[in-house]
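S.K.: The following file, start_7.txt, comprises compact mmCIF, C-alpha atoms and all ligand atoms:
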```
# COMPACT_ATOMS: atom_id res chain seq x y z
CA MET A 32 0.00 0.00 0.00
CA THR A 33 1.30 3.48 -0.77
CA ASP A 34 1.91 6.15 1.84
CA ALA A 35 -1.07 8.09 0.54
CA GLN A 36 -3.37 5.11 1.00
CA LEU A 37 -2.03 4.37 4.46
CA VAL A 38 -2.36 8.01 5.46
CA SER A 39 -5.95 8.11 4.21
CA ARG A 40 -6.76 5.10 6.32
CA ALA A 41 -4.95 6.52 9.33
CA GLN A 42 -6.88 9.75 8.89
CA ALA A 43 -10.03 7.69 9.09
CA GLY A 44 -8.81 6.31 12.40
CA ASP A 45 -7.20 3.09 11.23
CA LEU A 46 -4.46 2.49 13.79
CA PRO A 47 -2.90 -0.55 12.08
CA ALA A 48 -2.50 1.53 8.93
CA PHE A 49 -0.67 4.17 10.91
CA GLU A 50 1.50 1.54 12.52
CA GLU A 51 2.46 0.35 9.08
CA LEU A 52 3.75 3.84 8.42
CA VAL A 53 5.63 3.66 11.70
CA GLN A 54 7.26 0.41 10.64
CA LYS A 55 8.27 1.97 7.39
CA TYR A 56 9.88 5.08 8.81
CA GLN A 57 10.94 4.19 12.34
CA ARG A 58 14.57 3.59 11.40
CA GLU A 59 14.88 6.89 9.60
CA ILE A 60 13.23 8.85 12.37
CA TYR A 61 15.23 7.11 15.06
CA GLY A 62 18.45 7.63 13.10
CA LEU A 63 17.67 11.28 12.64
CA ALA A 64 16.99 11.70 16.35
CA CYS A 65 20.21 9.86 17.23
CA ARG A 66 22.20 12.25 15.09
CA MET A 67 20.40 15.24 16.49
CA VAL A 68 20.70 14.48 20.20
CA SER A 69 23.56 11.95 20.36
CA ASP A 70 21.77 9.88 22.94
CA MET A 71 20.19 6.58 21.99
CA GLU A 72 17.68 6.42 24.82
CA GLU A 73 16.52 9.96 24.24
CA ALA A 74 16.44 9.32 20.52
CA LYS A 75 14.07 6.43 21.10
CA ASP A 76 11.75 8.59 23.19
CA LEU A 77 11.91 11.42 20.70
CA ALA A 78 11.16 9.12 17.79
CA GLN A 79 8.13 7.78 19.65
CA GLN A 80 7.00 11.28 20.48
CA ALA A 81 7.33 12.24 16.83
CA PHE A 82 5.12 9.35 15.75
CA LEU A 83 2.64 10.11 18.48
CA GLN A 84 2.42 13.74 17.38
CA ALA A 85 2.05 12.66 13.78
CA PHE A 86 -0.80 10.36 14.79
CA VAL A 87 -2.54 13.01 16.83
CA HIS A 88 -2.30 15.50 13.97
CA ILE A 89 -2.67 13.09 11.11
CA ARG A 90 -5.84 14.75 9.88
CA SER A 91 -4.11 18.07 9.40
CA PHE A 92 -1.71 16.43 6.99
CA ARG A 93 -2.51 17.39 3.42
CA GLN A 94 -1.99 14.70 0.85
CA ASP A 95 -0.27 17.08 -1.56
CA ALA A 96 2.78 16.98 0.70
CA GLN A 97 5.02 14.01 1.30
CA PHE A 98 4.22 12.14 4.48
CA ARG A 99 7.89 11.36 4.99
CA THR A 100 8.90 15.01 4.84
CA TRP A 101 6.08 15.94 7.17
CA LEU A 102 7.23 13.30 9.61
CA PHE A 103 10.80 14.55 9.48
CA ARG A 104 9.59 18.04 10.28
CA ILE A 105 7.75 16.84 13.35
CA ALA A 106 10.75 14.81 14.48
CA ILE A 107 13.14 17.71 13.98
CA ASN A 108 10.89 19.96 16.05
CA GLN A 109 10.84 17.36 18.81
CA CYS A 110 14.62 17.27 18.74
CA TYR A 111 14.94 21.05 18.75
CA ASN A 112 12.66 21.23 21.78
CA PHE A 113 14.67 18.58 23.53
CA LEU A 114 17.98 20.28 22.77
CA LYS A 115 16.59 23.56 23.98
CA SER A 116 15.48 22.09 27.27
CA ARG A 117 18.75 20.24 27.69
CA LYS A 118 20.61 23.45 27.12
CA LYS A 119 18.36 25.20 29.58
CA PHE A 120 18.89 22.65 32.30
CA GLY A 121 22.54 22.20 31.54
CA ASP A 122 22.63 18.45 31.00
CA PRO A 123 25.99 17.50 29.63
CA LEU A 124 26.21 15.98 26.20
CA ASP A 125 26.80 12.28 26.34
CA CYS A 126 28.21 11.06 23.11
CA ASP A 127 30.10 8.07 24.44
CA GLU A 128 27.05 5.90 24.23
CA LEU A 129 26.52 6.58 20.58
CA ASN A 130 30.21 6.51 19.83
CA LEU A 131 30.67 3.05 21.20
CA ALA A 132 27.40 1.54 20.13
CA GLY A 133 27.91 -1.07 17.49
CA ASP A 134 31.61 -1.16 18.09
CA GLU A 135 32.50 -4.69 18.89
CA PRO A 136 35.94 -5.59 20.12
CA SER A 137 37.77 -5.47 16.85
CA PRO A 138 41.18 -6.17 15.44
CA GLU A 139 43.74 -3.45 15.42
CA ALA A 140 43.04 -2.65 11.81
CA ASP A 141 39.63 -1.34 12.84
CA LEU A 142 40.98 0.91 15.55
CA LEU A 143 41.65 3.53 12.96
CA ALA A 144 38.09 3.33 11.75
CA GLN A 145 36.79 3.53 15.30
CA GLU A 146 38.92 6.54 16.00
CA GLN A 147 37.69 8.13 12.81
CA ARG A 148 34.08 7.46 13.77
CA ARG A 149 34.55 8.85 17.25
CA ARG A 150 36.09 11.95 15.84
CA LEU A 151 33.26 12.32 13.37
CA TYR A 152 30.54 11.96 16.01
CA GLU A 153 32.24 14.53 18.19
CA ALA A 154 32.55 16.88 15.26
CA LEU A 155 28.86 16.39 14.47
CA GLU A 156 27.92 17.26 18.02
CA ARG A 157 29.82 20.49 17.82
CA LEU A 158 27.83 21.63 14.81
CA PRO A 159 24.91 24.01 15.32
CA ALA A 160 21.69 21.97 15.49
CA LYS A 161 20.43 23.20 12.18
CA GLN A 162 23.58 22.28 10.33
CA ARG A 163 23.50 18.87 11.94
CA ALA A 164 19.94 18.50 10.75
CA VAL A 165 20.79 19.55 7.21
CA ILE A 166 23.71 17.17 6.98
CA THR A 167 21.73 14.25 8.33
CA LEU A 168 18.78 14.90 6.06
CA LYS A 169 21.02 15.27 3.05
CA VAL A 170 23.64 12.58 3.48
CA GLU A 171 21.80 9.94 5.46
CA GLN A 172 18.20 10.43 4.41
CA GLY A 173 18.97 11.52 0.89
CA LEU A 174 16.60 14.48 0.82
CA SER A 175 16.87 17.12 -1.88
CA TYR A 176 17.47 20.74 -0.89
CA GLU A 177 13.87 21.46 -1.75
CA GLU A 178 12.70 18.72 0.62
CA ILE A 179 15.10 19.90 3.30
CA SER A 180 13.64 23.38 3.03
CA GLN A 181 10.20 21.85 3.56
CA VAL A 182 11.44 20.16 6.71
CA LEU A 183 13.47 23.00 8.17
CA GLY A 184 11.85 26.07 6.67
CA GLY A 185 13.72 28.62 4.60
CA THR A 186 14.62 28.20 0.98
CA ALA A 187 16.28 25.42 -0.92
CA GLY A 188 19.17 27.80 -1.52
CA ALA A 189 19.58 28.37 2.19
CA ALA A 190 19.58 24.62 2.76
CA ARG A 191 22.35 24.30 0.19
CA VAL A 192 24.43 27.00 1.83
CA ASN A 193 23.84 25.47 5.25
CA TYR A 194 24.87 22.05 3.99
CA CYS A 195 28.07 23.34 2.53
CA GLN A 196 28.90 25.27 5.68
CA ALA A 197 28.22 22.18 7.74
CA LEU A 198 30.55 20.07 5.61
CA LYS A 199 33.28 22.63 5.89
CA THR A 200 32.89 22.96 9.64
CA LEU A 201 32.94 19.19 9.97
CA LYS A 202 36.06 19.02 7.89
CA LYS A 203 37.71 21.57 10.13
CA HIS A 204 36.72 19.72 13.28
CA ILE A 205 37.81 16.36 11.98
CA GLN A 206 41.13 17.58 10.72
CA THR A 207 42.86 18.31 13.96
CA GLU A 208 46.41 19.33 13.30
CA ASP A 209 48.21 16.31 14.66
CA ASP A 210 46.35 13.63 12.75
CA HIS A 211 45.02 15.29 9.71
CA GLU A 212 46.62 12.68 7.52
CA VAL A 213 45.36 9.74 9.52
CA ALA A 214 41.81 10.99 9.62
CA MET A 215 41.58 11.58 5.93
CA ARG A 216 43.27 8.37 4.92
CA SER A 217 41.08 6.27 7.18
CA SER A 218 37.89 7.83 5.93
CA LYS A 219 38.78 6.62 2.48
CA THR A 220 39.50 3.14 3.75
CA VAL A 221 36.30 2.94 5.73
CA ALA A 222 34.27 4.35 2.90
CA SER A 223 35.33 1.61 0.59
CA ARG A 224 34.59 -1.11 3.09
CA VAL A 225 31.26 -0.15 4.62
CA PRO A 226 28.27 -0.24 2.32
CA ARG A 227 25.85 2.66 2.34
CA ARG A 228 22.69 2.10 4.23
CA MET B 140 38.66 34.28 -10.67
CA LYS B 141 38.79 33.88 -6.90
CA TRP B 142 35.42 35.45 -6.28
CA GLN B 143 33.90 33.02 -8.74
CA CYS B 144 35.35 30.13 -6.75
CA ALA B 145 33.94 31.70 -3.59
CA LEU B 146 30.48 31.60 -5.13
CA LEU B 147 30.74 28.20 -6.76
CA LYS B 148 32.13 26.40 -3.75
CA ARG B 149 28.64 26.39 -2.26
CA TRP B 150 27.60 24.04 -5.01
CA LEU B 151 30.66 21.88 -5.12
CA PRO B 152 29.16 19.02 -3.09
CA GLU B 153 26.68 18.51 -5.92
CA TYR B 154 29.24 18.49 -8.68
CA PRO B 155 28.87 17.14 -11.32
CA ASP B 156 25.34 15.71 -11.41
CA GLY B 157 23.78 16.37 -8.04
CA ASP B 158 20.94 18.54 -6.82
CA LEU B 159 21.71 21.55 -9.02
CA PRO B 160 19.81 23.71 -11.45
CA ALA B 161 20.84 23.26 -15.06
CA TRP B 162 22.68 26.56 -15.21
CA GLY B 163 24.56 25.63 -12.03
CA LYS B 164 25.73 22.41 -13.65
CA ARG B 165 26.87 24.34 -16.70
CA TRP B 166 28.66 26.91 -14.63
CA LEU B 167 30.42 24.33 -12.47
CA GLY B 168 31.21 22.21 -15.50
CA SER B 169 32.93 25.08 -17.21
CA HIS B 170 34.86 26.17 -14.15
CA VAL B 171 35.84 23.26 -11.92
CA PRO B 172 37.91 21.16 -14.34
CA GLY B 173 40.23 24.09 -14.93
CA CYS B 174 40.46 25.35 -11.35
CA ALA B 175 42.92 23.67 -9.03
CA ALA B 176 41.50 25.37 -5.93
CA CYS B 177 37.97 24.13 -6.58
CA ARG B 178 39.18 20.65 -7.39
CA GLN B 179 41.07 20.56 -4.10
CA GLU B 180 38.03 21.82 -2.20
CA LEU B 181 35.86 19.25 -3.94
CA ALA B 182 38.17 16.41 -2.97
CA GLU B 183 38.08 17.46 0.67
CA LEU B 184 34.31 17.81 0.78
CA ARG B 185 33.96 14.37 -0.77
CA GLN B 186 36.16 12.91 1.95
CA VAL B 187 33.92 14.36 4.64
CA ILE B 188 30.84 12.97 2.91
CA ALA B 189 32.53 9.58 2.58
CA ALA B 190 33.35 9.63 6.29
CA LEU B 191 29.71 10.40 7.10
CA GLU B 192 28.44 7.63 4.87
CA ALA B 193 30.91 5.24 6.41
CA ALA B 194 29.65 5.87 9.93
CA PRO B 195 25.88 5.48 9.92
CA VAL B 196 23.93 5.36 13.14
CA PRO B 197 24.13 1.71 14.20
CA ASP B 198 20.87 -0.14 13.65
CA PRO B 199 19.60 -1.44 16.99
CA ALA B 200 18.87 -5.09 17.57
CA PRO B 201 15.45 -6.58 16.69
CA GLU B 202 14.53 -6.62 20.41
CA PHE B 203 14.89 -2.86 20.45
CA TRP B 204 12.35 -2.52 17.68
CA GLY B 205 10.05 -5.00 19.32
CA GLU B 206 10.04 -2.91 22.47
CA PHE B 207 9.76 0.26 20.44
CA SER B 208 6.64 -1.02 18.70
CA ARG B 209 5.02 -2.24 21.91
CA ASP B 210 5.65 1.01 23.77
CA LEU B 211 4.48 3.13 20.90
CA HIS B 212 1.40 0.99 20.36
CA LEU B 213 0.30 1.63 23.94
CA LYS B 214 0.81 5.36 23.51
CA LEU B 215 -1.12 5.39 20.26
CA VAL B 216 -4.00 3.44 21.71
CA GLN B 217 -4.12 5.81 24.66
CA ALA B 218 -4.11 8.81 22.35
CA ALA B 219 -6.92 7.27 20.35
CA GLN B 220 -8.92 6.61 23.50
CA GLU B 221 -8.43 10.13 24.69
CA GLY B 222 -9.78 11.32 21.41
CA GLN B 223 -6.62 13.11 20.48
CA ALA B 224 -6.63 11.64 17.04
CA ALA B 225 -9.61 13.38 15.54
CA PRO B 226 -12.20 11.44 13.61
CA GLU B 227 -12.32 11.83 9.88
CA ALA B 228 -13.77 15.11 8.74
CA THR B 229 -16.97 14.93 6.84
CA SER B 230 -17.71 18.63 7.06
CA SER B 231 -16.21 21.03 4.59
CA ARG B 232 -13.28 23.31 5.34
CA TRP B 233 -15.67 26.23 5.56
CA PHE B 234 -17.63 24.48 8.20
CA ARG B 235 -14.56 23.87 10.24
CA LEU B 236 -13.10 27.31 9.85
CA PRO B 237 -15.03 28.96 12.70
CA TYR B 238 -13.84 26.26 15.05
CA LEU B 239 -10.27 26.66 13.93
CA LEU B 240 -10.48 30.39 14.34
CA GLY B 241 -11.95 29.97 17.74
CA ALA B 242 -9.13 27.85 18.98
CA PRO B 243 -6.83 29.65 21.39
CA ALA B 244 -4.04 27.79 19.65
CA VAL B 245 -4.44 30.04 16.66
CA ALA B 246 -3.97 33.08 18.82
CA VAL B 247 -0.75 31.68 20.17
CA LEU B 248 0.35 30.90 16.64
CA LEU B 249 -0.41 34.38 15.37
CA LEU B 250 1.27 35.96 18.34
CA TYR B 251 4.35 33.91 17.67
CA VAL B 252 4.43 34.92 14.03
CA ALA B 253 3.92 38.54 14.98
CA VAL B 254 6.82 38.43 17.39
CA GLN B 255 8.96 36.83 14.76
CA LEU B 256 8.05 39.47 12.22
CA THR B 257 8.52 42.48 14.43
CA GLY B 258 11.22 41.34 16.78
CA PRO B 259 14.81 42.42 16.26
CA GLY B 260 16.59 40.32 13.66
CA ALA B 261 13.38 38.54 12.85
CA PRO B 262 14.30 35.11 11.56
CA ILE B 263 12.56 35.04 8.24
CA GLN B 264 13.14 31.42 7.47
CA ASN B 265 11.38 30.23 10.58
CA GLN B 266 8.01 31.50 9.54
CA ALA B 267 7.72 28.73 7.06
CA VAL B 268 8.13 26.22 9.82
CA VAL B 269 5.47 27.88 11.91
CA MET B 270 3.05 27.99 9.08
CA HIS B 271 3.51 24.39 8.22
CA LEU B 272 3.33 22.92 11.65
CA PRO B 273 0.51 20.47 12.07
CA SER B 274 -2.35 22.88 12.32
CA PRO B 275 -4.52 22.65 15.37
CA THR B 276 -7.42 20.49 14.48
CA PRO B 277 -10.25 20.40 16.95
CA ALA B 278 -10.56 16.89 18.22
CA GLN B 279 -14.28 17.02 18.05
CA ASP B 280 -15.49 19.40 15.46
CA GLN B 281 -19.02 18.87 14.40
CA ALA B 282 -18.20 15.93 12.23
CA PRO B 283 -20.01 12.82 13.39
CA VAL B 284 -17.73 10.28 14.94
CA LYS B 285 -17.17 7.35 12.71
CA ARG B 286 -18.01 4.40 14.85
CA GLU B 287 -16.21 2.05 12.57
CA SER B 288 -12.97 4.00 12.82
CA ALA B 289 -13.22 4.34 16.53
CA ALA B 290 -13.70 0.64 16.85
CA LYS B 291 -10.62 0.01 14.79
CA MET B 292 -8.60 2.22 17.08
CA ALA B 293 -9.23 0.55 20.33
CA ALA B 294 -12.86 -0.43 20.61
CA VAL B 295 -13.33 2.39 23.05
CA PRO B 296 -15.68 5.28 22.36
CA GLN B 297 -13.95 8.57 21.80
CA LYS B 298 -14.09 11.05 24.61
CA SER B 299 -14.33 14.70 23.83
CA ALA B 300 -11.23 16.05 25.41
CA ALA B 301 -9.71 18.83 23.42
CA PRO B 302 -5.97 18.64 22.88
CA PRO B 303 -4.24 21.23 25.02
CA ALA B 304 -3.66 24.29 22.92
CA ALA B 305 -0.11 24.73 24.10
CA GLU B 306 0.86 21.31 22.94
CA VAL B 307 -0.76 21.64 19.58
CA ALA B 308 0.48 25.08 18.76
CA ALA B 309 3.90 24.90 20.30
CA PRO B 310 6.12 26.90 17.98
CA PRO B 311 9.11 25.09 16.61
CA ALA B 312 12.17 25.50 18.70
CA LEU B 313 14.56 28.06 17.35
CA PRO B 314 17.69 26.61 15.88
CA MET B 315 20.66 27.08 18.12
CA GLU B 316 22.74 29.30 15.89
CA PRO B 317 21.94 32.91 14.98
CA MET B 318 19.52 33.10 12.13
CA GLU B 319 20.72 34.31 8.79
CA GLN B 320 19.12 37.33 7.31
CA PHE B 321 18.14 36.65 3.76
CA VAL B 322 18.76 39.13 1.07
CA THR B 323 16.60 38.76 -1.94
CA VAL B 324 18.31 39.67 -5.13
CA ALA B 325 15.89 41.86 -7.01
CA LEU B 326 15.20 40.71 -10.51
CA GLU B 327 13.64 42.80 -13.22
CA ASP B 328 10.02 43.57 -12.53
CA GLY B 329 7.67 41.43 -14.51
CA ALA B 330 10.43 39.35 -16.00
CA PRO B 331 9.18 35.81 -16.31
CA LEU B 332 11.21 33.57 -14.09
CA PRO B 333 12.24 30.22 -15.41
CA VAL B 334 11.91 27.63 -12.68
CA GLU B 335 15.64 27.11 -12.45
CA GLU B 336 16.08 30.76 -11.58
CA ALA B 337 13.91 30.63 -8.51
CA ASP B 338 16.68 29.40 -6.30
CA ILE B 339 19.11 32.15 -7.07
CA SER B 340 16.53 34.83 -6.50
CA ALA B 341 16.39 33.75 -2.89
CA TRP B 342 20.11 33.62 -2.46
CA ASP B 343 21.40 34.14 0.99
CA LEU B 344 23.77 36.79 -0.32
CA ASP B 345 25.46 37.39 3.00
CA ALA B 346 26.40 33.77 3.20
CA GLU B 347 27.36 33.60 -0.45
CA LEU B 348 29.66 36.56 -0.05
CA ALA B 349 31.07 35.44 3.26
CA GLY B 350 34.00 33.58 1.77
CA MET B 351 35.16 36.50 -0.36
CA THR B 352 37.69 39.20 0.30
CA ASP B 353 36.47 42.78 0.20
CA GLN B 354 37.90 43.18 -3.24
CA GLU B 355 36.17 40.07 -4.54
CA LYS B 356 32.89 41.22 -3.07
CA HIS B 357 33.33 44.58 -4.67
CA VAL B 358 33.98 43.07 -8.08
CA PHE B 359 31.07 40.70 -7.75
CA LEU B 360 28.51 43.24 -6.61
CA ASN B 361 29.63 45.81 -9.16
CA ASN B 362 29.40 43.23 -11.85
CA MET B 363 25.91 42.28 -10.78
CA HIS B 364 24.60 45.84 -10.51
CA GLN B 365 26.16 46.87 -13.77
CA ARG B 366 24.55 44.04 -15.61
CA LYS B 367 21.22 44.77 -14.08
CA LYS B 368 21.56 48.40 -15.08
CA ASP B 369 22.57 47.86 -18.69
CA GLY B 370 19.87 45.28 -19.15
CA SER B 371 22.23 42.46 -20.12
CA CYS B 372 20.95 40.50 -17.18
CA VAL B 373 17.24 40.66 -17.73
CA GLU B 374 16.09 37.39 -16.34
CA GLY B 375 18.45 37.22 -13.45
CA PHE B 376 22.15 37.51 -13.18
CA SER B 377 22.80 33.82 -13.34
CA PHE B 378 22.93 33.85 -17.11
CA CYS B 379 25.40 36.66 -17.32
CA SER B 380 28.81 35.71 -18.52
CA TRP B 381 31.15 36.37 -15.67
CA GLY B 382 34.71 37.25 -16.10
ZN ZN A 401 37.52 27.76 -8.66
```
Please express the file's structure as structure tokens.
Ligand SMILES: [Zn+2]
M.R.:
Amino acid sequence: MTDAQLVSRAQAGDLPAFEELVQKYQREIYGLACRMVSDMEEAKDLAQQAFLQAFVHIRSFRQDAQFRTWLFRIAINQCYNFLKSRKKFGDPLDCDELNLAGDEPSPEADLLAQEQRRRLYEALERLPAKQRAVITLKVEQGLSYEEISQVLGGTAGAARVNYCQALKTLKKHIQTEDDHEVAMRSSKTVASRVPRR
Amino acid sequence: MKWQCALLKRWLPEYPDGDLPAWGKRWLGSHVPGCAACRQELAELRQVIAALEAAPVPDPAPEFWGEFSRDLHLKLVQAAQEGQAAPEATSSRWFRLPYLLGAPAVAVLLLYVAVQLTGPGAPIQNQAVVMHLPSPTPAQDQAPVKRESAAKMAAVPQKSAAPPAAEVAAPPALPMEPMEQFVTVALEDGAPLPVEEADISAWDLDAELAGMTDQEKHVFLNNMHQRKKDGSCVEGFSFCSWG
């Protein structure tokens, strides 16, 4: 069944239809939240909140828009709210959890890749929230600039500029002076070994 | 040509066949192969993108998703029981309008927009987010409740508890960094805009110019204004031949 059909059913109160949409997009929404808040537990809660909000407001969704984009917008707003409250209450960032997740004890050859990943996650966390959102939506979710502008507001051109700025800032953060060479070489190695999601 | 690089570098991540307007592809295609600085920049950006693609968020175990689904299901059922998910509308938009207008949520929304518009350094780009937020839909407008739908939800009749206005109309959180002020490049009045020109007309000029030296900026802006003045840039400056 297409998104449009599922949404129509959900708008008519069909919970299983909505849950089918959840199944379809839960990984993307969770992944987005993980990137945004760097905390897997919080990301899970935020993803659930996003789906709950989408369900509650499903009837205000117009079928001329993409459900996926709409969902991203709700999720991003949840994340922004969370980040704002975390900032307000001064909770420290905890990136270790995300950094180490999925890292099994590995041979020495992978240490470089792990180090590269840790560095990347830290660099991502240092980005302004909006740039982190743009980069995640673009690279990981494959959205066009037009779609990103629908999620984040602004124009497609602004999304493009933001994306480029984010890449450059990331590059700067990743390339610390002492291991510039290592970081860049390992990213190439990892890139060739790990398939895209 | 440095100022040209400063402009084009914003599009480099999409070179050669990415999310670019046709004229952008042409421009990049004619510039990048012959420019060592842009090629270097491109290589570095591609390495960052490769690093990102190589380090996706780890996919949790199946048990995680099992728990996720169970938890969420309970929340959804509860929301349905509390009547938060409104029944399907059978009345027209016009019928519902008075109820929408009556909702305090709308007042909050309008107030927020007003503050954004009049406040210092009003973030223009955020308005779009506000406007497109899920609009407050009364949980029980005059549409008759569809018994069938309600039964599908949870076999519990819907109560008529309105969703709290604050929750529904909560404005999107402001992004953490200072908002950019957009400068719209004025095009000739009445000139028909090809679709591919739309993007450039909304250029964030401040950001575009940020990477340039004063001299480069000067050359670029002079160039642009001159071409606008002499009419050689009727449909937007993107088609002008730079140099
Ligand atoms: Zn160049």
S.K.: Per residue of chain B within 10 Å of ligand ZN 401 (chain A), which atom pair is closest and at what distance in Å (one decimal), using all atoms listed in the file, listed by chain and increasing number, as CSV?
M.R.:
```
residue,atom,partner,partner_atom,distance
B:Met140,CA,A:ZN401,ZN,6.9
B:Lys141,CA,A:ZN401,ZN,6.5
B:Trp142,CA,A:ZN401,ZN,8.3
B:Gln143,CA,A:ZN401,ZN,6.4
B:Cys144,CA,A:ZN401,ZN,3.7
B:Ala145,CA,A:ZN401,ZN,7.4
B:Leu146,CA,A:ZN401,ZN,8.8
B:Leu147,CA,A:ZN401,ZN,7.1
B:Lys148,CA,A:ZN401,ZN,7.4
B:Leu151,CA,A:ZN401,ZN,9.7
B:Leu167,CA,A:ZN401,ZN,8.8
B:His170,CA,A:ZN401,ZN,6.3
B:Val171,CA,A:ZN401,ZN,5.8
B:Pro172,CA,A:ZN401,ZN,8.7
B:Gly173,CA,A:ZN401,ZN,7.8
B:Cys174,CA,A:ZN401,ZN,4.7
B:Ala175,CA,A:ZN401,ZN,6.8
B:Ala176,CA,A:ZN401,ZN,5.4
B:Cys177,CA,A:ZN401,ZN,4.2
B:Arg178,CA,A:ZN401,ZN,7.4
B:Gln179,CA,A:ZN401,ZN,9.2
B:Glu180,CA,A:ZN401,ZN,8.8
B:Leu181,CA,A:ZN401,ZN,9.9
```
S.K.: Take the residues just selected and output them with C-alpha atoms as an mmCIF file, in the coordinates of the input.
M.R.:
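See again.cif below for the written result:
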```cif
data_model
loop_
_atom_site.group_PDB
_atom_site.id
_atom_site.type_symbol
_atom_site.label_atom_id
_atom_site.label_comp_id
_atom_site.auth_asym_id
_atom_site.auth_seq_id
_atom_site.Cartn_x
_atom_site.Cartn_y
_atom_site.Cartn_z
ATOM 1 C CA MET B 140 38.660 34.280 -10.670
ATOM 2 C CA LYS B 141 38.790 33.880 -6.900
ATOM 3 C CA TRP B 142 35.420 35.450 -6.280
ATOM 4 C CA GLN B 143 33.900 33.020 -8.740
ATOM 5 C CA CYS B 144 35.350 30.130 -6.750
ATOM 6 C CA ALA B 145 33.940 31.700 -3.590
ATOM 7 C CA LEU B 146 30.480 31.600 -5.130
ATOM 8 C CA LEU B 147 30.740 28.200 -6.760
ATOM 9 C CA LYS B 148 32.130 26.400 -3.750
ATOM 10 C CA LEU B 151 30.660 21.880 -5.120
ATOM 11 C CA LEU B 167 30.420 24.330 -12.470
ATOM 12 C CA HIS B 170 34.860 26.170 -14.150
ATOM 13 C CA VAL B 171 35.840 23.260 -11.920
ATOM 14 C CA PRO B 172 37.910 21.160 -14.340
ATOM 15 C CA GLY B 173 40.230 24.090 -14.930
ATOM 16 C CA CYS B 174 40.460 25.350 -11.350
ATOM 17 C CA ALA B 175 42.920 23.670 -9.030
ATOM 18 C CA ALA B 176 41.500 25.370 -5.930
ATOM 19 C CA CYS B 177 37.970 24.130 -6.580
ATOM 20 C CA ARG B 178 39.180 20.650 -7.390
ATOM 21 C CA GLN B 179 41.070 20.560 -4.100
ATOM 22 C CA GLU B 180 38.030 21.820 -2.200
ATOM 23 C CA LEU B 181 35.860 19.250 -3.940
#
```
S.K.: Hey, can you check how far atom CA of Ala43 of chain A sits from atom CA of Arg93 of chain A?
M.R.: 13.5 Å
S.K.: Considering all atoms listed in the file, state which residue in the set A:Ala160, A:Ile166, A:Gln147, A:Ser116 is at the smallest distance from Ala190 of chain B.
M.R.: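 Of A:Ala160, A:Ile166, A:Gln147, A:Ser116, the one nearest Ala190 of chain B is A:Gln147, counting all atoms listed in the file.
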S.K.: Using only C-alpha atoms, which residues sit within 6 Å of segment 70-83 of chain A once same-chain residues fewer than 3 positions away are excluded, as a PDB file with C-alpha atoms, in the frame of the given file?
M.R.:
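So the final result, stored in selection_17.pdb, reads:
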```pdb
ATOM      1  CA  ILE A  60      13.230   8.850  12.370  1.00  0.00           C
ATOM      2  CA  TYR A  61      15.230   7.110  15.060  1.00  0.00           C
ATOM      3  CA  ALA A  64      16.990  11.700  16.350  1.00  0.00           C
ATOM      4  CA  CYS A  65      20.210   9.860  17.230  1.00  0.00           C
ATOM      5  CA  PHE A  86      -0.800  10.360  14.790  1.00  0.00           C
ATOM      6  CA  ILE A 105       7.750  16.840  13.350  1.00  0.00           C
ATOM      7  CA  ALA A 106      10.750  14.810  14.480  1.00  0.00           C
TER       8      ALA A 106
END
```
S.K.: Just the number, please: distance in Å from atom CA of Ser39 of chain A to atom CA of Arg99 of chain A, one decimal.
M.R.: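 Atom CA of Arg99 of chain A lies 14.2 Å from atom CA of Ser39 of chain A.
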S.K.: Just give me the residues with any atom within 12 Å of (19.0, 15.1, 2.3), file coordinates, counting all atoms listed in the file, written as a PyMOL selection string.
M.R.: (chain A and resi 59+63+100+103+162-183+187+190-191+193-194) or (chain B and resi 153+157-158)
S.K.: Kindly save the residues from that selection, with C-alpha atoms included, as a compact mmCIF listing (two decimals), in the frame of the given file.
M.R.:
```
# COMPACT_ATOMS: atom_id res chain seq x y z
CA GLU A 59 14.88 6.89 9.60
CA LEU A 63 17.67 11.28 12.64
CA THR A 100 8.90 15.01 4.84
CA PHE A 103 10.80 14.55 9.48
CA GLN A 162 23.58 22.28 10.33
CA ARG A 163 23.50 18.87 11.94
CA ALA A 164 19.94 18.50 10.75
CA VAL A 165 20.79 19.55 7.21
CA ILE A 166 23.71 17.17 6.98
CA THR A 167 21.73 14.25 8.33
CA LEU A 168 18.78 14.90 6.06
CA LYS A 169 21.02 15.27 3.05
CA VAL A 170 23.64 12.58 3.48
CA GLU A 171 21.80 9.94 5.46
CA GLN A 172 18.20 10.43 4.41
CA GLY A 173 18.97 11.52 0.89
CA LEU A 174 16.60 14.48 0.82
CA SER A 175 16.87 17.12 -1.88
CA TYR A 176 17.47 20.74 -0.89
CA GLU A 177 13.87 21.46 -1.75
CA GLU A 178 12.70 18.72 0.62
CA ILE A 179 15.10 19.90 3.30
CA SER A 180 13.64 23.38 3.03
CA GLN A 181 10.20 21.85 3.56
CA VAL A 182 11.44 20.16 6.71
CA LEU A 183 13.47 23.00 8.17
CA ALA A 187 16.28 25.42 -0.92
CA ALA A 190 19.58 24.62 2.76
CA ARG A 191 22.35 24.30 0.19
CA ASN A 193 23.84 25.47 5.25
CA TYR A 194 24.87 22.05 3.99
CA GLU B 153 26.68 18.51 -5.92
CA GLY B 157 23.78 16.37 -8.04
CA ASP B 158 20.94 18.54 -6.82
```
S.K.: Quick one: of B:Arg209, B:His357, B:Gly168, B:Pro152, who's nearest to chain A, counting only C-alpha atoms?
M.R.: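 Going through B:Arg209, B:His357, B:Gly168, B:Pro152 one by one, the smallest distance to chain A is for B:Pro152.
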